[in-house]
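final-v4.cif follows; it contains mmCIF, C-alpha atoms and all ligand atoms.
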data_start
#
loop_
_atom_site.label_atom_id
_atom_site.label_comp_id
_atom_site.auth_asym_id
_atom_site.auth_seq_id
_atom_site.Cartn_x
_atom_site.Cartn_y
_atom_site.Cartn_z
CA MET A 17 0.00 0.00 0.00
CA ASP A 18 1.08 3.50 -0.72
CA VAL A 19 1.66 5.25 2.57
CA LYS A 20 2.41 8.58 0.94
CA LEU A 21 -0.36 11.04 1.58
CA ARG A 22 -2.35 11.98 -1.44
CA VAL A 23 -3.67 15.45 -0.91
CA ARG A 24 -6.14 16.92 -3.31
CA ARG A 25 -7.95 20.13 -3.84
CA THR A 26 -11.58 19.68 -3.00
CA VAL A 27 -14.43 21.79 -4.17
CA HIS A 28 -14.42 25.18 -2.44
CA ALA A 29 -11.49 24.25 -0.27
CA LEU A 30 -7.78 23.72 -0.27
CA ALA A 31 -6.99 20.29 1.04
CA CYS A 32 -3.30 20.78 0.82
CA CYS A 33 -0.88 20.46 3.60
CA LEU A 34 -0.97 20.54 7.31
CA PRO A 35 -0.78 24.32 7.84
CA VAL A 36 -4.17 24.72 6.16
CA LEU A 37 -5.72 22.27 8.56
CA ALA A 38 -3.57 22.91 11.60
CA ALA A 39 -5.30 24.71 14.42
CA GLY A 40 -5.63 22.61 17.53
CA GLY A 41 -8.26 23.98 19.85
CA GLY A 42 -10.16 25.58 17.02
CA ALA A 43 -9.79 29.25 17.98
CA ALA A 44 -7.71 30.10 14.93
CA LEU A 45 -9.98 28.33 12.49
CA ALA A 46 -12.41 30.28 10.42
CA GLN A 47 -15.99 29.63 11.35
CA GLY A 48 -17.68 27.34 8.94
CA GLU A 49 -15.03 24.72 8.24
CA VAL A 50 -14.73 21.04 8.84
CA ASN A 51 -11.59 18.92 8.45
CA ILE A 52 -11.64 15.34 7.27
CA TYR A 53 -9.05 12.59 7.15
CA SER A 54 -10.21 10.14 4.50
CA TYR A 55 -9.16 6.70 3.36
CA ARG A 56 -11.98 6.88 0.85
CA GLU A 57 -11.12 8.13 -2.59
CA PRO A 58 -11.81 11.71 -3.71
CA GLN A 59 -14.22 10.77 -6.50
CA LEU A 60 -16.51 9.18 -3.91
CA ILE A 61 -16.31 11.94 -1.34
CA ASP A 62 -16.15 15.14 -3.39
CA PRO A 63 -19.74 15.10 -4.74
CA LEU A 64 -21.03 14.70 -1.19
CA LEU A 65 -18.92 17.52 0.20
CA LYS A 66 -19.89 19.80 -2.66
CA ALA A 67 -23.56 19.23 -1.87
CA PHE A 68 -22.89 19.81 1.85
CA THR A 69 -21.04 23.08 1.24
CA GLU A 70 -23.75 24.33 -1.11
CA LYS A 71 -26.37 23.56 1.50
CA THR A 72 -24.63 24.89 4.61
CA GLY A 73 -21.82 27.22 3.50
CA ILE A 74 -19.41 25.11 5.58
CA LYS A 75 -16.13 24.42 3.81
CA ALA A 76 -14.82 20.86 3.87
CA ASN A 77 -11.04 20.34 3.88
CA VAL A 78 -9.88 16.82 3.16
CA VAL A 79 -6.63 14.93 3.53
CA TYR A 80 -6.78 11.72 1.51
CA ALA A 81 -4.45 8.81 2.21
CA ALA A 82 -4.30 5.12 1.42
CA ALA A 83 -2.81 4.35 4.84
CA GLY A 84 -1.48 5.88 8.02
CA LEU A 85 -4.29 8.25 9.00
CA ASN A 86 -4.98 6.56 12.33
CA GLU A 87 -1.29 6.83 13.14
CA ARG A 88 -1.30 10.47 12.13
CA LEU A 89 -4.29 11.19 14.35
CA ALA A 90 -2.56 9.48 17.25
CA ALA A 91 0.67 11.39 16.72
CA GLU A 92 -1.12 14.73 16.52
CA GLY A 93 -3.06 14.09 19.71
CA GLN A 94 -5.01 17.06 20.99
CA ASN A 95 -3.41 19.33 18.41
CA SER A 96 -4.96 17.39 15.55
CA PRO A 97 -6.95 19.52 13.13
CA ALA A 98 -9.04 16.51 12.13
CA ASP A 99 -12.75 16.55 12.91
CA LEU A 100 -13.82 13.41 11.09
CA LEU A 101 -12.31 10.13 9.91
CA PHE A 102 -13.76 8.42 6.81
CA THR A 103 -12.78 4.83 6.12
CA VAL A 104 -13.79 1.49 4.68
CA ASP A 105 -14.27 -1.56 6.90
CA ALA A 106 -15.83 -1.90 10.32
CA GLY A 107 -12.54 -3.35 11.58
CA ARG A 108 -10.69 -0.13 10.83
CA LEU A 109 -13.37 1.97 12.49
CA SER A 110 -13.18 -0.23 15.58
CA GLU A 111 -9.40 0.10 15.58
CA ALA A 112 -9.73 3.89 15.65
CA LYS A 113 -12.16 3.62 18.56
CA ASP A 114 -9.95 1.18 20.47
CA ALA A 115 -6.93 3.44 19.95
CA GLY A 116 -8.79 6.29 21.63
CA LEU A 117 -8.91 8.38 18.46
CA THR A 118 -12.68 8.91 18.38
CA GLN A 119 -15.44 10.30 20.60
CA PRO A 120 -19.04 9.17 20.97
CA VAL A 121 -21.94 10.88 19.27
CA ASP A 122 -25.45 10.54 20.66
CA ASP A 123 -27.70 11.93 17.98
CA ALA A 124 -31.32 10.91 17.46
CA ALA A 125 -31.33 11.70 13.73
CA LEU A 126 -28.21 9.59 13.11
CA LYS A 127 -29.68 6.70 15.07
CA ALA A 128 -32.93 6.96 13.14
CA ALA A 129 -31.20 7.01 9.75
CA ILE A 130 -28.63 4.26 10.38
CA PRO A 131 -29.80 0.83 11.61
CA ALA A 132 -28.15 -0.30 14.86
CA GLN A 133 -26.35 -3.13 13.08
CA PHE A 134 -24.31 -0.63 11.10
CA ARG A 135 -23.11 1.62 13.91
CA ASP A 136 -21.04 1.30 17.05
CA PRO A 137 -23.22 0.58 20.11
CA ASP A 138 -21.36 3.36 21.96
CA GLY A 139 -21.74 5.86 19.12
CA HIS A 140 -18.04 6.01 18.17
CA TRP A 141 -18.59 5.18 14.49
CA PHE A 142 -21.41 5.09 11.98
CA GLY A 143 -21.76 3.18 8.72
CA LEU A 144 -22.66 5.16 5.60
CA THR A 145 -22.68 2.55 2.87
CA MET A 146 -22.56 -1.22 2.77
CA ARG A 147 -21.28 -3.80 0.36
CA SER A 148 -21.71 -7.53 0.33
CA ARG A 149 -19.07 -10.15 -0.38
CA VAL A 150 -20.81 -12.45 -2.83
CA VAL A 151 -20.01 -15.33 -5.12
CA TYR A 152 -19.30 -14.39 -8.72
CA ALA A 153 -20.50 -17.40 -10.74
CA SER A 154 -20.01 -18.17 -14.42
CA LYS A 155 -23.28 -17.55 -16.26
CA GLU A 156 -22.22 -20.21 -18.73
CA ARG A 157 -20.99 -23.00 -16.47
CA VAL A 158 -22.77 -22.60 -13.13
CA GLN A 159 -26.41 -23.59 -13.21
CA GLN A 160 -27.33 -23.16 -9.55
CA ASP A 161 -28.80 -19.88 -8.39
CA ALA A 162 -28.14 -20.22 -4.65
CA ILE A 163 -25.02 -20.97 -2.61
CA THR A 164 -23.57 -20.77 0.89
CA TYR A 165 -20.10 -19.74 2.08
CA GLU A 166 -19.87 -23.20 3.65
CA GLU A 167 -20.34 -24.79 0.23
CA LEU A 168 -17.18 -23.15 -1.10
CA ALA A 169 -15.30 -25.95 0.69
CA ASP A 170 -17.31 -28.68 -1.07
CA PRO A 171 -15.01 -30.83 -3.25
CA LYS A 172 -17.46 -30.41 -6.13
CA TRP A 173 -15.72 -27.07 -6.77
CA LYS A 174 -12.21 -28.60 -6.91
CA GLY A 175 -10.02 -26.59 -9.27
CA LYS A 176 -12.87 -24.18 -9.99
CA LEU A 177 -12.59 -21.45 -7.37
CA CYS A 178 -10.65 -18.18 -7.73
CA ILE A 179 -9.99 -15.58 -5.02
CA ARG A 180 -7.66 -12.70 -4.15
CA SER A 181 -5.19 -13.06 -1.27
CA GLY A 182 -6.67 -14.59 1.83
CA GLN A 183 -4.97 -11.85 3.82
CA HIS A 184 -6.84 -9.04 2.10
CA VAL A 185 -9.11 -7.23 4.52
CA TYR A 186 -12.19 -8.20 2.47
CA ASN A 187 -11.38 -11.87 3.00
CA THR A 188 -10.21 -11.70 6.60
CA SER A 189 -13.43 -9.85 7.47
CA LEU A 190 -15.50 -12.60 5.86
CA ILE A 191 -13.47 -15.32 7.58
CA ALA A 192 -13.94 -13.44 10.87
CA THR A 193 -17.71 -13.78 10.47
CA MET A 194 -17.31 -17.51 9.86
CA ILE A 195 -15.39 -17.77 13.15
CA ALA A 196 -18.13 -15.79 14.92
CA HIS A 197 -20.87 -18.05 13.54
CA LYS A 198 -19.19 -21.47 13.50
CA GLY A 199 -16.13 -21.33 15.73
CA GLU A 200 -12.43 -21.49 15.07
CA ALA A 201 -12.08 -25.25 14.53
CA TYR A 202 -14.85 -25.36 11.94
CA THR A 203 -13.42 -22.31 10.17
CA GLU A 204 -9.95 -23.83 9.92
CA THR A 205 -11.33 -27.00 8.33
CA TRP A 206 -13.49 -24.92 6.02
CA LEU A 207 -10.56 -22.75 4.97
CA ARG A 208 -8.51 -25.84 4.11
CA GLY A 209 -11.41 -27.06 1.99
CA VAL A 210 -11.68 -23.72 0.19
CA LYS A 211 -7.93 -23.77 -0.43
CA ASN A 212 -8.14 -27.27 -1.89
CA ASN A 213 -10.72 -26.03 -4.38
CA LEU A 214 -8.60 -23.17 -5.71
CA ALA A 215 -7.87 -23.13 -9.43
CA HIS A 216 -4.56 -21.38 -8.80
CA LYS A 217 -2.68 -19.27 -6.26
CA PRO A 218 -4.68 -16.33 -4.89
CA ALA A 219 -3.76 -13.18 -6.84
CA GLY A 220 -5.11 -9.90 -8.19
CA GLY A 221 -8.12 -7.94 -6.98
CA ASP A 222 -11.79 -8.87 -7.10
CA ARG A 223 -12.13 -7.80 -10.74
CA GLU A 224 -9.35 -10.15 -11.83
CA GLN A 225 -11.37 -13.05 -10.46
CA ALA A 226 -14.23 -12.09 -12.80
CA ARG A 227 -11.67 -11.86 -15.62
CA ASP A 228 -10.52 -15.40 -14.85
CA ILE A 229 -14.08 -16.66 -14.90
CA ALA A 230 -14.60 -14.95 -18.28
CA SER A 231 -11.51 -16.68 -19.68
CA GLY A 232 -12.56 -20.07 -18.29
CA LYS A 233 -9.83 -20.44 -15.65
CA CYS A 234 -12.43 -20.84 -12.92
CA ASP A 235 -16.19 -21.11 -12.45
CA ILE A 236 -16.75 -19.25 -9.18
CA ALA A 237 -15.00 -16.55 -7.17
CA LEU A 238 -15.55 -14.28 -4.20
CA GLY A 239 -15.96 -10.57 -4.84
CA ASN A 240 -17.59 -7.40 -3.57
CA THR A 241 -20.89 -6.34 -5.09
CA TYR A 242 -19.91 -2.86 -6.32
CA TYR A 243 -17.18 -4.20 -8.61
CA MET A 244 -19.86 -5.85 -10.74
CA ALA A 245 -21.33 -2.43 -11.50
CA LEU A 246 -17.92 -0.80 -11.87
CA MET A 247 -16.98 -3.43 -14.48
CA ALA A 248 -20.31 -3.18 -16.31
CA THR A 249 -20.02 0.60 -16.61
CA ASN A 250 -16.28 0.90 -17.21
CA GLU A 251 -15.77 3.11 -20.27
CA LYS A 252 -12.06 3.66 -19.59
CA GLN A 253 -11.28 -0.06 -19.62
CA PRO A 254 -14.07 -1.53 -21.74
CA GLU A 255 -12.56 -5.03 -21.59
CA GLN A 256 -13.94 -5.13 -18.04
CA LYS A 257 -17.47 -5.05 -19.41
CA ALA A 258 -16.90 -8.56 -20.78
CA TRP A 259 -15.57 -9.70 -17.40
CA GLY A 260 -18.71 -8.37 -15.72
CA ALA A 261 -20.96 -9.85 -18.38
CA ALA A 262 -19.50 -13.32 -17.80
CA ILE A 263 -20.65 -13.52 -14.19
CA LYS A 264 -23.83 -13.55 -12.15
CA PRO A 265 -23.93 -12.76 -8.44
CA LEU A 266 -25.03 -15.44 -6.01
CA PHE A 267 -25.86 -13.98 -2.60
CA PRO A 268 -24.46 -16.56 -0.15
CA ASN A 269 -26.65 -17.91 2.65
CA ALA A 270 -29.68 -15.99 1.39
CA ALA A 271 -31.85 -18.85 2.68
CA ASP A 272 -30.43 -18.78 6.20
CA ARG A 273 -28.31 -16.20 8.04
CA GLY A 274 -27.81 -13.84 5.09
CA SER A 275 -24.78 -12.61 3.16
CA HIS A 276 -21.71 -11.04 4.74
CA VAL A 277 -21.71 -7.26 4.53
CA ASN A 278 -19.16 -4.68 5.48
CA ILE A 279 -19.41 -0.91 5.59
CA SER A 280 -17.72 2.32 4.84
CA GLY A 281 -18.23 4.77 7.64
CA MET A 282 -17.31 7.84 9.65
CA ALA A 283 -16.11 8.65 13.15
CA LEU A 284 -15.87 11.91 15.05
CA ALA A 285 -12.25 12.58 16.01
CA ARG A 286 -11.56 12.70 19.72
CA HIS A 287 -10.23 16.27 19.65
CA ALA A 288 -12.40 17.60 16.80
CA PRO A 289 -11.84 21.38 16.82
CA ASN A 290 -14.95 22.02 14.70
CA LYS A 291 -17.27 19.60 16.44
CA ALA A 292 -20.53 21.44 15.69
CA ASN A 293 -19.78 21.53 11.97
CA ALA A 294 -18.64 17.92 12.01
CA LEU A 295 -21.94 16.89 13.57
CA LYS A 296 -23.78 18.77 10.82
CA LEU A 297 -21.79 16.90 8.18
CA MET A 298 -22.43 13.56 9.88
CA ALA A 299 -26.16 14.24 9.90
CA PHE A 300 -26.05 15.30 6.25
CA LEU A 301 -24.19 12.15 5.17
CA ALA A 302 -26.81 9.95 6.80
CA SER A 303 -29.68 11.92 5.23
CA GLU A 304 -31.66 10.65 2.27
CA GLU A 305 -30.19 13.36 0.04
CA ALA A 306 -26.58 12.34 0.67
CA GLN A 307 -27.33 8.62 0.74
CA LYS A 308 -28.74 8.92 -2.79
CA ILE A 309 -25.52 10.58 -3.99
CA TYR A 310 -23.44 7.89 -2.27
CA ALA A 311 -25.48 5.06 -3.78
CA LEU A 312 -24.77 6.33 -7.28
CA ALA A 313 -21.11 7.27 -6.74
CA ASN A 314 -19.79 3.77 -6.10
CA TYR A 315 -22.75 1.40 -6.46
CA GLU A 316 -22.75 0.56 -2.76
CA TYR A 317 -25.90 -0.05 -0.77
CA PRO A 318 -27.12 2.93 1.26
CA VAL A 319 -27.31 2.11 4.99
CA ASN A 320 -30.36 4.34 5.29
CA PRO A 321 -33.22 1.93 4.57
CA ALA A 322 -35.33 4.77 3.15
CA VAL A 323 -32.97 5.06 0.16
CA PRO A 324 -32.96 2.43 -2.60
CA PRO A 325 -29.71 1.31 -4.23
CA ALA A 326 -28.81 2.27 -7.82
CA ALA A 327 -30.90 0.56 -10.50
CA ILE A 328 -28.08 -1.75 -11.61
CA VAL A 329 -27.54 -2.84 -8.00
CA ALA A 330 -31.27 -3.42 -7.49
CA SER A 331 -31.29 -5.56 -10.66
CA TRP A 332 -29.16 -8.22 -8.92
CA GLY A 333 -32.00 -9.03 -6.54
CA LYS A 334 -32.54 -8.38 -2.88
CA LEU A 335 -29.62 -8.38 -0.49
CA LYS A 336 -30.30 -10.01 2.87
CA PRO A 337 -27.46 -8.84 5.13
CA ASP A 338 -26.11 -11.18 7.77
CA PRO A 339 -27.32 -9.49 11.00
CA LEU A 340 -24.14 -10.35 12.91
CA PRO A 341 -23.03 -7.14 14.68
CA LEU A 342 -20.08 -5.68 12.80
CA GLU A 343 -17.90 -5.39 15.89
CA ASN A 344 -17.43 -9.17 15.55
CA ILE A 345 -15.34 -8.48 12.48
CA ALA A 346 -12.88 -6.46 14.52
CA LYS A 347 -12.99 -9.04 17.30
CA TYR A 348 -12.06 -12.04 15.13
CA ARG A 349 -10.08 -10.56 12.27
CA LYS A 350 -6.69 -11.18 13.84
CA LYS A 351 -7.62 -14.81 14.40
CA ALA A 352 -8.86 -14.99 10.80
CA SER A 353 -5.54 -13.68 9.55
CA GLU A 354 -3.68 -16.25 11.68
CA LEU A 355 -5.79 -19.05 10.20
CA VAL A 356 -5.02 -17.87 6.66
CA ASP A 357 -1.33 -18.22 7.48
CA LYS A 358 -1.79 -21.47 9.37
CA VAL A 359 -3.39 -23.26 6.41
CA ASN A 360 -0.90 -21.58 4.02
CA PHE A 361 -3.86 -20.33 2.03
CA ASP A 362 -1.99 -17.96 -0.26
CA ALA A 363 0.36 -20.72 -1.43
CA GLY A 364 -2.50 -22.08 -3.49
CA PRO A 365 -4.06 -25.52 -3.98
CA SER A 366 -1.00 -27.74 -4.37
CA SER A 367 0.90 -27.00 -1.18
FE FE B 401 -12.82 -2.34 -3.05
#

Give the structure from the file, written as structure tokens.
Ligand SMILES: [Fe+2]
Amino acid sequence: MDVKLRVRRTVHALACCLPVLAAGGGAALAQGEVNIYSYREPQLIDPLLKAFTEKTGIKANVVYAAAGLNERLAAEGQNSPADLLFTVDAGRLSEAKDAGLTQPVDDAALKAAIPAQFRDPDGHWFGLTMRSRVVYASKERVQQDAITYEELADPKWKGKLCIRSGQHVYNTSLIATMIAHKGEAYTETWLRGVKNNLAHKPAGGDREQARDIASGKCDIALGNTYYMALMATNEKQPEQKAWGAAIKPLFPNAADRGSHVNISGMALARHAPNKANALKLMAFLASEEAQKIYALANYEYPVNPAVPPAAIVASWGKLKPDPLPLENIAKYRKKASELVDKVNFDAGPSS
């Protein structure tokens, strides 16, 4: 991962460099600003902040980074200019909470807009969008229209399954939910079974698994929902349209506990110098107006149940999210990662 900060100019606001954001205590800051540290990419965030600024007049300054923002918050301590942290994955949000980098928010509107499953019970973080980790299945070669995660270990898939590295956060989060539901011993056996079914060594991202299904290297794969839409609509790399067209989504465990979901979300920084403005932005992001923008920006599912997903997402059928509280992901992810190493998952099927 690139640990170098990527700083961008956002609409109405300079996002560059610490001096612009630096003002611990808030007295030196102009009224009407809010400072964000974001792991989420600018193209997802900017349309939302533009709408927020137009509505409220509050400027949003953003520091974007692929990694290291929690560490930066910790190092800055009470002098941190950050008001909000935006990130993907419930595990990362929990890490920020556990590291003492966040503060609780008790807001009736936020609670009403975001179901309890998708927010921290103590109010330290709130989900904004969700995605499911589903099975990509070959339209041509897979006849069944239902599947379970457990079934991925069934020898009937031997040599037919593709997946990215077992250590990727998308996979360790899913494995963490298996530990929460079925226990560690079951999960280890299951993981060995999944490994034995691999067509080749885990590699690439989720889209490359669809590519390998399109080219006949495998029949099924695990991937996040939004990539299916990103492939189908990719004008810059039109070859991805064929990858997307080769697969159909199967929502695992739709007939029982539901499919694994994870979130992107936000947390109020512990020393937020512009707390009142940050709370306004949090409320806006959970509102129907912002949730609609979010749903279209990256083809994720809005967490606000009043807002439908994008049409292409809705066309895949209804998502039934596994109701397991997301803090379980943080709780078991380390163990999941250890199991991935223990079974030598990333070495592929023949080891
Ligand atoms: Fe992703």

Spatial neighbours of A:Leu335, max dist 12 Å, only C-alpha atoms, sep filter under 6 positions, as JSON, numbers by chain = {"A": [146, 147, 148, 149, 150, 241, 265, 266, 267, 268, 269, 270, 271, 273, 274, 275, 276, 277, 316, 317, 318, 324, 325, 329]}

Atom-to-atom span, atom CA of A:Ser353 and atom CA of A:Thr188, Å = 5.9 Å

Separation of atom CA of A:Val185 from atom CA of A:Leu246 in Å |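 Computing the Euclidean distance for atom CA of A:Leu246 and atom CA of A:Val185 yields 19.7 Å.
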
Between A:Gly221, A:Gly73, A:Pro321, A:Gly260, which one has atoms that come closest to ligand FE 401 (chain B), using all atoms listed in the file?
->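 The answer is A:Gly221, which sits nearest to ligand FE 401 (chain B).
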
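The protein and nucleic acid residues lying at most 9 Å from A:Asp138 are Pro120, Val121 and Asp122 of chain A, with all atoms listed in the file considered and sequence neighbours fewer than 5 positions away removed.
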
Rank nothing, just name the residue among A:Ile179, A:Ile309, A:Met194, A:Ala248 nearest to A:Phe361, using all atoms listed in the file.
-> A:Ile179

Given a cut-off of 8 Å, what residues near ligand FE 401 (chain B) show up using all atoms listed in the file, put as a VMD selection string?
-> chain A and resid 222 240 242 to 243

Residues from last step as file, C-alpha atoms, as an mmCIF file, in the coordinates of the input:
data_model
loop_
_atom_site.group_PDB
_atom_site.id
_atom_site.type_symbol
_atom_site.label_atom_id
_atom_site.label_comp_id
_atom_site.auth_asym_id
_atom_site.auth_seq_id
_atom_site.Cartn_x
_atom_site.Cartn_y
_atom_site.Cartn_z
ATOM 1 C CA ASP A 222 -11.790 -8.870 -7.100
ATOM 2 C CA ASN A 240 -17.590 -7.400 -3.570
ATOM 3 C CA TYR A 242 -19.910 -2.860 -6.320
ATOM 4 C CA TYR A 243 -17.180 -4.200 -8.610
#

Neighbours of A:Ile345 within 6 Å (only C-alpha atoms; same-chain residues fewer than 3 positions away dropped), as a ChimeraX atom specification?
-> /A:107,189,192,342,348-349

Could you save the residues just selected, with C-alpha atoms, as a compact mmCIF listing (two decimals), in the coordinates of the input?
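Result file is out_36.txt:
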# COMPACT_ATOMS: atom_id res chain seq x y z
CA GLY A 107 -12.54 -3.35 11.58
CA SER A 189 -13.43 -9.85 7.47
CA ALA A 192 -13.94 -13.44 10.87
CA LEU A 342 -20.08 -5.68 12.80
CA TYR A 348 -12.06 -12.04 15.13
CA ARG A 349 -10.08 -10.56 12.27

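Of the listed residues A:Ala91, A:Leu301, A:Cys234, A:Leu65, the one whose atoms come nearest to A:Tyr152 is A:Cys234, with distances taken using only C-alpha atoms.
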
Taking all atoms of stretch 219-227 of chain A that appear in the file, build a box with edges along x, y and z, extend it by 3 Å on every side, and state its centre and edge lengths in Å to one decimal, as lines of an AutoDock Vina configuration file.
center_x = -9.0
center_y = -10.5
center_z = -11.2
size_x = 16.5
size_y = 11.4
size_z = 14.8

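Take the candidates A:Gln183, A:Ser280, A:Trp259, A:Ala215 and check each one against A:Asp362 using all atoms listed in the file; the shortest distance goes to A:Gln183.
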
Atom CA of A:Pro341 and atom CA of A:Lys296, how far apart in Å?
->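 A separation of 26.2 Å between them.
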
Hey, which of A:Ala90, A:Ala230, A:Leu101, A:Ala132 ends up closest to A:Val319? Count all atoms listed in the file.
-> A:Ala132

Near A:Val158, within 12 Å and counting only C-alpha atoms, which residues show up once chain neighbours fewer than 3 positions away are dropped, as a count of residues only?
-> 23

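Residue nearest A:Tyr80 within the list A:Ile61, A:Ala327, A:Ala169, A:Leu126: A:Ile61 [criterion: smallest interatomic distance, all atoms listed in the file].
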
Your completed stretch 224-241 of chain A with N, CA, C and O atoms, as a CSV table (one decimal), in the coordinates of the input:
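part.csv written:
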chain,number,residue,atom,x,y,z
A,224,GLU,N,-10.1,-9.1,-11.1
A,224,GLU,CA,-9.4,-10.2,-11.8
A,224,GLU,C,-10.0,-11.5,-11.7
A,224,GLU,O,-9.7,-12.4,-12.5
A,225,GLN,N,-10.7,-11.7,-10.6
A,225,GLN,CA,-11.4,-13.0,-10.5
A,225,GLN,C,-12.5,-13.2,-11.5
A,225,GLN,O,-12.7,-14.3,-12.1
A,226,ALA,N,-13.2,-12.1,-11.8
A,226,ALA,CA,-14.2,-12.1,-12.8
A,226,ALA,C,-13.6,-12.3,-14.2
A,226,ALA,O,-14.1,-13.1,-15.0
A,227,ARG,N,-12.4,-11.7,-14.4
A,227,ARG,CA,-11.7,-11.9,-15.6
A,227,ARG,C,-11.3,-13.3,-15.8
A,227,ARG,O,-11.5,-13.9,-16.9
A,228,ASP,N,-10.9,-14.0,-14.7
A,228,ASP,CA,-10.5,-15.4,-14.8
A,228,ASP,C,-11.7,-16.3,-15.1
A,228,ASP,O,-11.6,-17.4,-15.6
A,229,ILE,N,-12.9,-15.9,-14.6
A,229,ILE,CA,-14.1,-16.7,-14.9
A,229,ILE,C,-14.4,-16.5,-16.4
A,229,ILE,O,-14.7,-17.4,-17.1
A,230,ALA,N,-14.3,-15.2,-16.9
A,230,ALA,CA,-14.6,-15.0,-18.3
A,230,ALA,C,-13.7,-15.8,-19.2
A,230,ALA,O,-14.1,-16.2,-20.3
A,231,SER,N,-12.4,-16.0,-18.8
A,231,SER,CA,-11.5,-16.7,-19.7
A,231,SER,C,-11.5,-18.2,-19.4
A,231,SER,O,-10.8,-18.9,-20.0
A,232,GLY,N,-12.4,-18.6,-18.5
A,232,GLY,CA,-12.6,-20.1,-18.3
A,232,GLY,C,-11.6,-20.7,-17.3
A,232,GLY,O,-11.6,-21.9,-17.1
A,233,LYS,N,-10.8,-19.9,-16.6
A,233,LYS,CA,-9.8,-20.4,-15.6
A,233,LYS,C,-10.5,-21.0,-14.4
A,233,LYS,O,-10.0,-21.8,-13.7
A,234,CYS,N,-11.7,-20.4,-14.1
A,234,CYS,CA,-12.4,-20.8,-12.9
A,234,CYS,C,-13.9,-20.6,-13.1
A,234,CYS,O,-14.3,-19.9,-14.1
A,235,ASP,N,-14.7,-21.2,-12.3
A,235,ASP,CA,-16.2,-21.1,-12.4
A,235,ASP,C,-16.8,-20.2,-11.4
A,235,ASP,O,-17.9,-19.6,-11.7
A,236,ILE,N,-16.2,-20.1,-10.2
A,236,ILE,CA,-16.8,-19.2,-9.2
A,236,ILE,C,-15.6,-18.5,-8.5
A,236,ILE,O,-14.4,-18.9,-8.6
A,237,ALA,N,-16.0,-17.4,-7.9
A,237,ALA,CA,-15.0,-16.6,-7.2
A,237,ALA,C,-15.7,-15.8,-6.1
A,237,ALA,O,-17.0,-15.7,-6.1
A,238,LEU,N,-14.9,-15.2,-5.2
A,238,LEU,CA,-15.6,-14.3,-4.2
A,238,LEU,C,-15.2,-12.9,-4.6
A,238,LEU,O,-14.1,-12.5,-5.0
A,239,GLY,N,-16.2,-12.0,-4.5
A,239,GLY,CA,-16.0,-10.6,-4.8
A,239,GLY,C,-17.0,-9.7,-4.2
A,239,GLY,O,-18.1,-10.1,-3.8
A,240,ASN,N,-16.6,-8.4,-4.1
A,240,ASN,CA,-17.6,-7.4,-3.6
A,240,ASN,C,-18.6,-7.0,-4.6
A,240,ASN,O,-18.3,-6.9,-5.8
A,241,THR,N,-19.8,-6.6,-4.2
A,241,THR,CA,-20.9,-6.3,-5.1
A,241,THR,C,-20.6,-5.2,-6.0
A,241,THR,O,-20.8,-5.3,-7.2
